[in-house]
>>> print(open('coords24.txt').read())   # compact mmCIF, C-alpha atoms
# COMPACT_ATOMS: atom_id res chain seq x y z
CA MET A 7 17.34 -13.77 -17.36
CA ALA A 8 16.30 -14.96 -13.91
CA ALA A 9 18.67 -17.44 -12.34
CA SER A 10 17.69 -21.06 -11.72
CA PHE A 11 16.04 -22.10 -8.46
CA GLN A 12 18.89 -24.50 -7.66
CA ARG A 13 21.65 -21.98 -8.40
CA LEU A 14 20.06 -19.37 -6.17
CA GLN A 15 19.74 -21.80 -3.30
CA ARG A 16 23.33 -22.95 -3.76
CA ASP A 17 24.59 -19.35 -3.69
CA GLY A 18 22.52 -18.40 -0.64
CA LEU A 19 20.32 -16.03 -2.63
CA LEU A 20 17.14 -18.05 -2.09
CA LYS A 21 16.26 -19.53 1.29
CA VAL A 22 13.10 -21.63 1.49
CA GLY A 23 11.50 -22.82 4.72
CA ALA A 24 9.67 -26.05 5.39
CA ASP A 25 6.36 -26.98 3.77
CA CYS A 26 6.38 -24.22 1.15
CA CYS A 27 4.38 -24.61 -2.04
CA ILE A 28 6.09 -22.87 -4.95
CA SER A 29 4.96 -22.95 -8.56
CA ALA A 30 7.55 -24.22 -11.02
CA HIS A 31 6.71 -21.12 -13.05
CA ALA A 32 7.45 -18.57 -10.33
CA VAL A 33 10.36 -16.22 -11.06
CA PHE A 34 13.07 -15.27 -8.55
CA GLU A 35 15.22 -12.25 -9.42
CA PRO A 36 17.78 -11.31 -6.73
CA ALA A 37 19.66 -8.76 -8.86
CA ASP A 38 18.64 -5.12 -9.11
CA ILE A 39 19.15 -2.94 -12.19
CA ARG A 40 22.75 -2.27 -11.12
CA GLY A 41 23.61 -5.93 -10.73
CA ASN A 42 23.61 -5.93 -6.93
CA GLU A 43 22.14 -9.12 -5.48
CA LEU A 44 20.04 -9.47 -2.35
CA PRO A 45 18.69 -12.74 -0.93
CA ILE A 46 15.04 -13.78 -1.15
CA ILE A 47 13.78 -15.49 2.02
CA LEU A 48 10.62 -17.60 2.30
CA GLY A 49 9.48 -18.67 5.74
CA ASP A 50 7.77 -21.95 6.59
CA GLY A 51 4.49 -22.69 4.85
CA CYS A 52 4.64 -19.91 2.24
CA ARG A 53 2.83 -20.24 -1.09
CA VAL A 54 3.98 -18.68 -4.35
CA GLY A 55 1.72 -18.94 -7.38
CA LEU A 56 2.12 -19.34 -11.12
CA GLY A 57 4.02 -16.49 -12.78
CA ALA A 58 4.70 -14.58 -9.56
CA VAL A 59 7.90 -12.50 -9.65
CA LEU A 60 9.89 -12.11 -6.43
CA TYR A 61 12.81 -9.66 -6.22
CA GLY A 62 15.95 -9.51 -4.08
CA GLY A 63 15.56 -8.23 -0.54
CA LEU A 64 12.12 -9.81 -0.15
CA ARG A 65 11.21 -11.70 3.00
CA LEU A 66 7.98 -13.69 3.16
CA GLU A 67 7.19 -14.55 6.76
CA LYS A 68 5.55 -17.80 7.87
CA GLY A 69 2.40 -18.67 5.93
CA ALA A 70 2.50 -15.67 3.58
CA VAL A 71 0.80 -16.14 0.20
CA VAL A 72 1.76 -14.60 -3.15
CA GLU A 73 -0.86 -15.46 -5.76
CA GLU A 74 -0.60 -15.79 -9.54
CA TYR A 75 1.34 -13.10 -11.44
CA ALA A 76 1.89 -10.89 -8.41
CA ILE A 77 5.09 -8.80 -8.43
CA VAL A 78 6.77 -8.31 -5.05
CA GLY A 79 9.83 -6.27 -4.03
CA LYS A 80 10.47 -4.68 -7.42
CA PRO A 81 13.02 -1.84 -7.15
CA GLU A 82 11.65 1.57 -8.07
CA PHE A 83 13.27 3.15 -11.15
CA GLY A 84 12.62 6.56 -12.67
CA TYR A 85 11.28 9.98 -11.73
CA ALA A 86 8.53 10.53 -9.19
CA VAL A 87 7.38 13.90 -7.90
CA GLY A 88 10.50 15.57 -6.50
CA LYS A 89 12.73 12.48 -6.54
CA VAL A 90 14.55 10.13 -8.90
CA TYR A 91 14.70 6.42 -8.01
CA ASP A 92 17.80 4.62 -9.30
CA GLY A 93 16.57 1.03 -9.25
CA THR A 94 18.60 -0.08 -6.22
CA GLY A 95 17.16 -3.11 -4.47
CA THR A 96 15.89 -2.77 -0.92
CA GLU A 97 14.29 -4.86 1.81
CA THR A 98 10.60 -5.73 1.51
CA THR A 99 8.64 -7.69 4.10
CA VAL A 100 5.35 -9.57 3.83
CA GLY A 101 4.23 -10.58 7.30
CA PRO A 102 2.91 -13.89 8.63
CA ASN A 103 -0.25 -15.12 6.86
CA ALA A 104 -0.49 -11.99 4.74
CA ILE A 105 -1.95 -12.47 1.25
CA LEU A 106 -1.04 -10.73 -2.00
CA ARG A 107 -3.84 -11.47 -4.45
CA ALA A 108 -3.31 -12.25 -8.13
CA ARG A 109 -1.68 -9.52 -10.25
CA SER A 110 -1.01 -7.19 -7.34
CA THR A 111 2.27 -5.24 -7.42
CA VAL A 112 4.32 -4.30 -4.36
CA TYR A 113 7.43 -2.19 -4.93
CA GLY A 114 10.58 -2.44 -2.83
CA GLY A 115 10.91 -1.05 0.67
CA SER A 116 7.32 -1.82 1.62
CA THR A 117 6.13 -3.69 4.70
CA ILE A 118 2.85 -5.61 4.96
CA GLY A 119 1.80 -6.73 8.42
CA THR A 120 0.44 -9.97 9.83
CA ASN A 121 -2.85 -11.20 8.33
CA SER A 122 -3.21 -8.22 5.99
CA SER A 123 -4.32 -8.67 2.39
CA ILE A 124 -3.71 -6.79 -0.85
CA GLY A 125 -6.47 -7.10 -3.46
CA HIS A 126 -6.34 -8.30 -7.06
CA GLY A 127 -4.50 -5.86 -9.31
CA THR A 128 -3.73 -3.38 -6.53
CA LEU A 129 -0.51 -1.35 -6.78
CA LEU A 130 1.71 -0.37 -3.84
CA ARG A 131 4.58 1.95 -4.72
CA SER A 132 7.86 2.16 -2.77
CA HIS A 133 8.06 2.31 1.03
CA VAL A 134 4.39 1.75 1.80
CA ASN A 135 3.88 0.54 5.37
CA ILE A 136 0.75 -1.48 6.20
CA GLY A 137 -0.06 -2.73 9.69
CA GLU A 138 -1.76 -5.91 10.86
CA ASN A 139 -5.19 -7.26 9.92
CA SER A 140 -5.78 -4.61 7.26
CA GLN A 141 -7.46 -5.17 3.91
CA LEU A 142 -6.93 -3.28 0.67
CA GLY A 143 -9.49 -4.03 -2.03
CA GLN A 144 -8.83 -4.70 -5.69
CA LEU A 145 -7.56 -2.23 -8.28
CA MET A 146 -6.33 0.35 -5.78
CA SER A 147 -3.36 2.69 -6.24
CA VAL A 148 -1.29 3.40 -3.13
CA GLU A 149 1.53 5.86 -3.74
CA ARG A 150 4.97 6.12 -2.13
CA CYS A 151 5.56 6.37 1.62
CA VAL A 152 1.91 5.89 2.62
CA LYS A 153 1.41 4.65 6.19
CA ILE A 154 -1.61 2.45 6.93
CA GLY A 155 -2.33 1.20 10.44
CA ASP A 156 -3.94 -1.90 11.91
CA TYR A 157 -7.48 -3.09 11.10
CA VAL A 158 -7.84 -0.62 8.20
CA ARG A 159 -10.29 -1.35 5.39
CA CYS A 160 -9.84 0.31 1.98
CA SER A 161 -12.45 -0.57 -0.63
CA PRO A 162 -11.80 -1.13 -4.37
CA LEU A 163 -10.81 1.52 -6.92
CA SER A 164 -9.54 4.04 -4.36
CA HIS A 165 -6.39 6.16 -4.74
CA ILE A 166 -4.20 7.00 -1.75
CA THR A 167 -1.74 9.73 -2.62
CA SER A 168 1.89 9.72 -1.43
CA SER A 169 2.75 10.20 2.25
CA THR A 170 -0.87 9.95 3.38
CA VAL A 171 -1.42 8.49 6.85
CA LEU A 172 -4.33 6.22 7.78
CA GLU A 173 -4.34 5.47 11.49
CA ASP A 174 -5.78 2.27 12.97
CA ARG A 175 -9.40 1.32 12.20
CA VAL A 176 -9.85 3.77 9.32
CA PHE A 177 -12.48 2.75 6.73
CA LEU A 178 -12.48 4.08 3.17
CA GLY A 179 -15.36 3.26 0.83
CA ALA A 180 -14.98 2.46 -2.86
CA GLY A 181 -13.56 5.03 -5.23
CA VAL A 182 -12.22 7.43 -2.59
CA MET A 183 -9.71 9.88 -4.08
CA THR A 184 -7.01 11.71 -2.11
CA ILE A 185 -4.96 14.72 -3.23
CA ASN A 186 -1.62 16.03 -1.96
CA ASP A 187 -0.70 18.73 -4.50
CA LYS A 188 -2.32 22.17 -4.45
CA ALA A 189 -0.20 23.66 -7.25
CA MET A 190 -0.12 20.69 -9.66
CA VAL A 191 3.52 21.27 -10.58
CA TRP A 192 5.27 18.75 -12.83
CA LYS A 193 8.97 19.02 -13.74
CA GLU A 194 9.24 22.81 -13.75
CA ASP A 195 12.86 24.03 -13.60
CA GLY A 196 13.75 25.47 -10.21
CA VAL A 197 10.39 24.58 -8.68
CA ARG A 198 10.06 21.90 -6.04
CA PRO A 199 6.59 20.47 -5.45
CA ASP A 200 5.02 21.48 -2.15
CA LEU A 201 3.05 18.40 -1.17
CA SER A 202 0.58 18.27 1.70
CA PRO A 203 -1.06 14.85 2.02
CA PRO A 204 -4.33 14.19 3.85
CA TYR A 205 -4.36 12.58 7.29
CA PHE A 206 -6.99 10.16 8.61
CA GLU A 207 -7.18 9.84 12.40
CA TYR A 208 -8.17 6.70 14.30
CA GLY A 209 -11.48 5.21 13.20
CA ALA A 210 -12.27 7.85 10.56
CA ARG A 211 -14.80 6.65 7.97
CA VAL A 212 -15.18 8.04 4.46
CA GLY A 213 -18.03 7.06 2.16
CA SER A 214 -17.65 5.85 -1.41
CA GLY A 215 -16.94 8.36 -4.16
CA SER A 216 -15.57 11.07 -1.87
CA THR A 217 -12.58 13.29 -2.62
CA ILE A 218 -10.23 14.45 0.15
CA ALA A 219 -8.25 17.58 -0.74
CA ALA A 220 -4.58 18.29 0.01
CA GLY A 221 -3.73 18.87 3.65
CA VAL A 222 -7.16 17.92 4.97
CA ARG A 223 -7.34 16.09 8.31
CA ILE A 224 -10.26 13.76 9.00
CA GLY A 225 -10.71 13.61 12.77
CA HIS A 226 -10.96 10.73 15.23
CA GLU A 227 -13.99 8.56 14.37
CA ALA A 228 -15.44 11.25 12.09
CA LEU A 229 -17.90 10.15 9.42
CA VAL A 230 -17.85 11.59 5.88
CA GLY A 231 -20.86 10.85 3.70
CA SER A 232 -20.61 9.29 0.25
CA GLY A 233 -19.86 11.56 -2.70
CA SER A 234 -18.49 14.39 -0.56
CA ASN A 235 -15.84 16.90 -1.63
CA VAL A 236 -13.82 17.54 1.54
CA THR A 237 -11.83 20.78 1.34
CA ARG A 238 -11.48 21.56 5.07
CA ASP A 239 -10.56 19.64 8.20
CA ILE A 240 -13.34 17.54 9.72
CA PRO A 241 -13.32 17.60 13.55
CA PRO A 242 -13.28 14.43 15.65
CA PHE A 243 -16.65 12.65 15.89
CA ALA A 244 -18.24 14.98 13.32
CA ILE A 245 -20.69 13.87 10.64
CA ALA A 246 -19.97 15.76 7.41
CA TYR A 247 -21.18 15.54 3.83
CA GLY A 248 -21.86 17.59 0.71
CA ASN A 249 -19.98 19.57 -1.94
CA PRO A 250 -18.13 21.14 -0.28
CA ALA A 251 -18.52 18.97 2.79
CA ARG A 252 -19.92 20.67 5.88
CA VAL A 253 -20.37 19.41 9.43
CA MET A 254 -23.99 18.32 9.83
CA GLY A 255 -23.93 16.45 13.12
CA ASN A 256 -22.00 14.43 15.65
CA VAL A 257 -21.62 10.68 15.82
CA MET A 258 -21.64 10.76 19.64
CA THR A 259 -25.03 12.49 19.68
CA ARG A 260 -26.40 9.92 17.28
CA ARG A 261 -25.11 7.08 19.44
CA VAL A 262 -26.82 8.50 22.52
CA ALA A 263 -30.08 8.94 20.63
>>> encode(input="coords24.txt", output="structure tokens")
Amino acid sequence: MAASFQRLQRDGLLKVGADCCISAHAVFEPADIRGNELPIILGDGCRVGLGAVLYGGLRLEKGAVVEEYAIVGKPEFGYAVGKVYDGTGTETTVGPNAILRARSTVYGGSTIGTNSSIGHGTLLRSHVNIGENSQLGQLMSVERCVKIGDYVRCSPLSHITSSTVLEDRVFLGAGVMTINDKAMVWKEDGVRPDLSPPYFEYGARVGSGSTIAAGVRIGHEALVGSGSNVTRDIPPFAIAYGNPARVMGNVMTRRVA
């Protein structure tokens, strides 16, 4: 059972800044599955909504917002591809004026930068790092150890596979799927998965409904058309589309024209 608000403050496990607005029905859980306790820290002007669950090790910076029924800082427990998580609590940071929309879930070890927002029902697994002024739409799945830069826009219903990198100013349309596993191995004795996540360079843009295969690199400011199946690297500034996607032009040429 979650401890009382007053007891946590008394024991130094909950620190609340000035002018915070916290629902009486928010839940604060400093203990991980092993009974270790980490403090929960709320900066000035934070808002925590009805039914939100905040776990030990979480820091909300000034003006951060956690909406109704969001889960933040939850320790990862169980098997993921190639690794077992033991439920140990870890530090999680939500930056100044960042917003976690209703029913989003952010696992422990993640960092969300200043003014970034996480959409309704979106899931961030452990150790996701998101920069400043980025926006993730609703009902997305972002797997472990993904790195997302500043001013990134990811539209709803997309899936970002583990260890993918999105540099600054990347734009993903709705329903973009990424793949990091060429062999599709799952719990085979003596076999370790060989994962090769995609990489999106600065300003790359990918249209809705596209699939980016394992190991593919989308170049600097390249443009991938909607519904494309990208199986090979796309050079910087290229325009590519189709199934499989092929280079059909250059964004620099189009700008000059």
>>> residues_around(input="coords24.txt", residues="Lys153 in chain A", least_positions_apart="3", cutoff="7 Å", atoms="only C-alpha atoms", output="PyMOL selection string")
chain A and resi 134-136+169-172
>>> atom_distance(input="coords24.txt", atom1="CA of Pro199 in chain A", atom2="CA of Lys89 in chain A")
10.1 Å
>>> atom_distance(input="coords24.txt", atom1="CA of Ile77 in chain A", atom2="CA of Gly114 in chain A")
10.1 Å
>>> closest_atom_pairs(input="coords24.txt", of="range 95-194 of chain A", to="range 229-242 of chain A", cutoff="10 Å", atoms="only C-alpha atoms", output="JSON lines")
{"residue": "A:Phe177", "atom": "CA", "partner": "A:Leu229", "partner_atom": "CA", "distance": 9.6}
{"residue": "A:Leu178", "atom": "CA", "partner": "A:Val230", "partner_atom": "CA", "distance": 9.6}
{"residue": "A:Gly179", "atom": "CA", "partner": "A:Ser232", "partner_atom": "CA", "distance": 8.0}
{"residue": "A:Ala180", "atom": "CA", "partner": "A:Ser232", "partner_atom": "CA", "distance": 9.4}
{"residue": "A:Gly181", "atom": "CA", "partner": "A:Gly233", "partner_atom": "CA", "distance": 9.4}
{"residue": "A:Val182", "atom": "CA", "partner": "A:Gly233", "partner_atom": "CA", "distance": 8.7}
{"residue": "A:Met183", "atom": "CA", "partner": "A:Asn235", "partner_atom": "CA", "distance": 9.6}
{"residue": "A:Thr184", "atom": "CA", "partner": "A:Val236", "partner_atom": "CA", "distance": 9.7}
>>> closest_residue(input="coords24.txt", among="A:Arg198, A:Arg53, A:His165, A:Arg131", to="Ser110 in chain A", atoms="all atoms listed in the file")
A:Arg131
>>> residues_around(input="coords24.txt", residues="range 191-196 of chain A", least_positions_apart="4", cutoff="12 Å", atoms="only C-alpha atoms", output="PDB file with C-alpha atoms, in the coordinates of the input")
ATOM      1  CA  TYR A  85      11.280   9.980 -11.730  1.00  0.00           C
ATOM      2  CA  ALA A  86       8.530  10.530  -9.190  1.00  0.00           C
ATOM      3  CA  VAL A  87       7.380  13.900  -7.900  1.00  0.00           C
ATOM      4  CA  GLY A  88      10.500  15.570  -6.500  1.00  0.00           C
ATOM      5  CA  LYS A  89      12.730  12.480  -6.540  1.00  0.00           C
ATOM      6  CA  VAL A  90      14.550  10.130  -8.900  1.00  0.00           C
ATOM      7  CA  ASN A 186      -1.620  16.030  -1.960  1.00  0.00           C
ATOM      8  CA  ASP A 187      -0.700  18.730  -4.500  1.00  0.00           C
ATOM      9  CA  ASP A 200       5.020  21.480  -2.150  1.00  0.00           C
ATOM     10  CA  LEU A 201       3.050  18.400  -1.170  1.00  0.00           C
TER      11      LEU A 201
END
>>> closest_residue(input="coords24.txt", among="A:Ser123, A:Ser147, A:Ser161, A:Thr167", to="Gly213 in chain A", atoms="only C-alpha atoms")
A:Ser161
>>> closest_residue(input="coords24.txt", among="A:Pro81, A:Ile124, A:Ile185, A:Tyr208", to="Arg40 in chain A", atoms="only C-alpha atoms")
A:Pro81
>>> atom_distance(input="coords24.txt", atom1="CA of Thr96 in chain A", atom2="CA of Leu56 in chain A")
23.8 Å
>>> closest_residue(input="coords24.txt", among="A:Leu19, A:Glu82, A:Asn42, A:Tyr113", to="Val59 in chain A", atoms="only C-alpha atoms")
A:Tyr113
>>> closest_residue(input="coords24.txt", among="A:Glu67, A:Glu207, A:Glu43, A:Glu73", to="Ser29 in chain A", atoms="only C-alpha atoms")
A:Glu73
>>> closest_residue(input="coords24.txt", among="A:Ala228, A:Ile39, A:Ala244, A:Ile105", to="Ser122 in chain A", atoms="all atoms listed in the file")
A:Ile105
>>> residues_near_point(input="coords24.txt", point="(-7.1, -7.4, 11.2)", cutoff="9 Å", atoms="only C-alpha atoms", output="CSV table (one decimal) with C-alpha atoms, keeping the file's coordinate frame")
chain,number,residue,atom,x,y,z
A,120,THR,CA,0.4,-10.0,9.8
A,121,ASN,CA,-2.8,-11.2,8.3
A,122,SER,CA,-3.2,-8.2,6.0
A,137,GLY,CA,-0.1,-2.7,9.7
A,138,GLU,CA,-1.8,-5.9,10.9
A,139,ASN,CA,-5.2,-7.3,9.9
A,140,SER,CA,-5.8,-4.6,7.3
A,141,GLN,CA,-7.5,-5.2,3.9
A,156,ASP,CA,-3.9,-1.9,11.9
A,157,TYR,CA,-7.5,-3.1,11.1
A,158,VAL,CA,-7.8,-0.6,8.2
A,159,ARG,CA,-10.3,-1.4,5.4
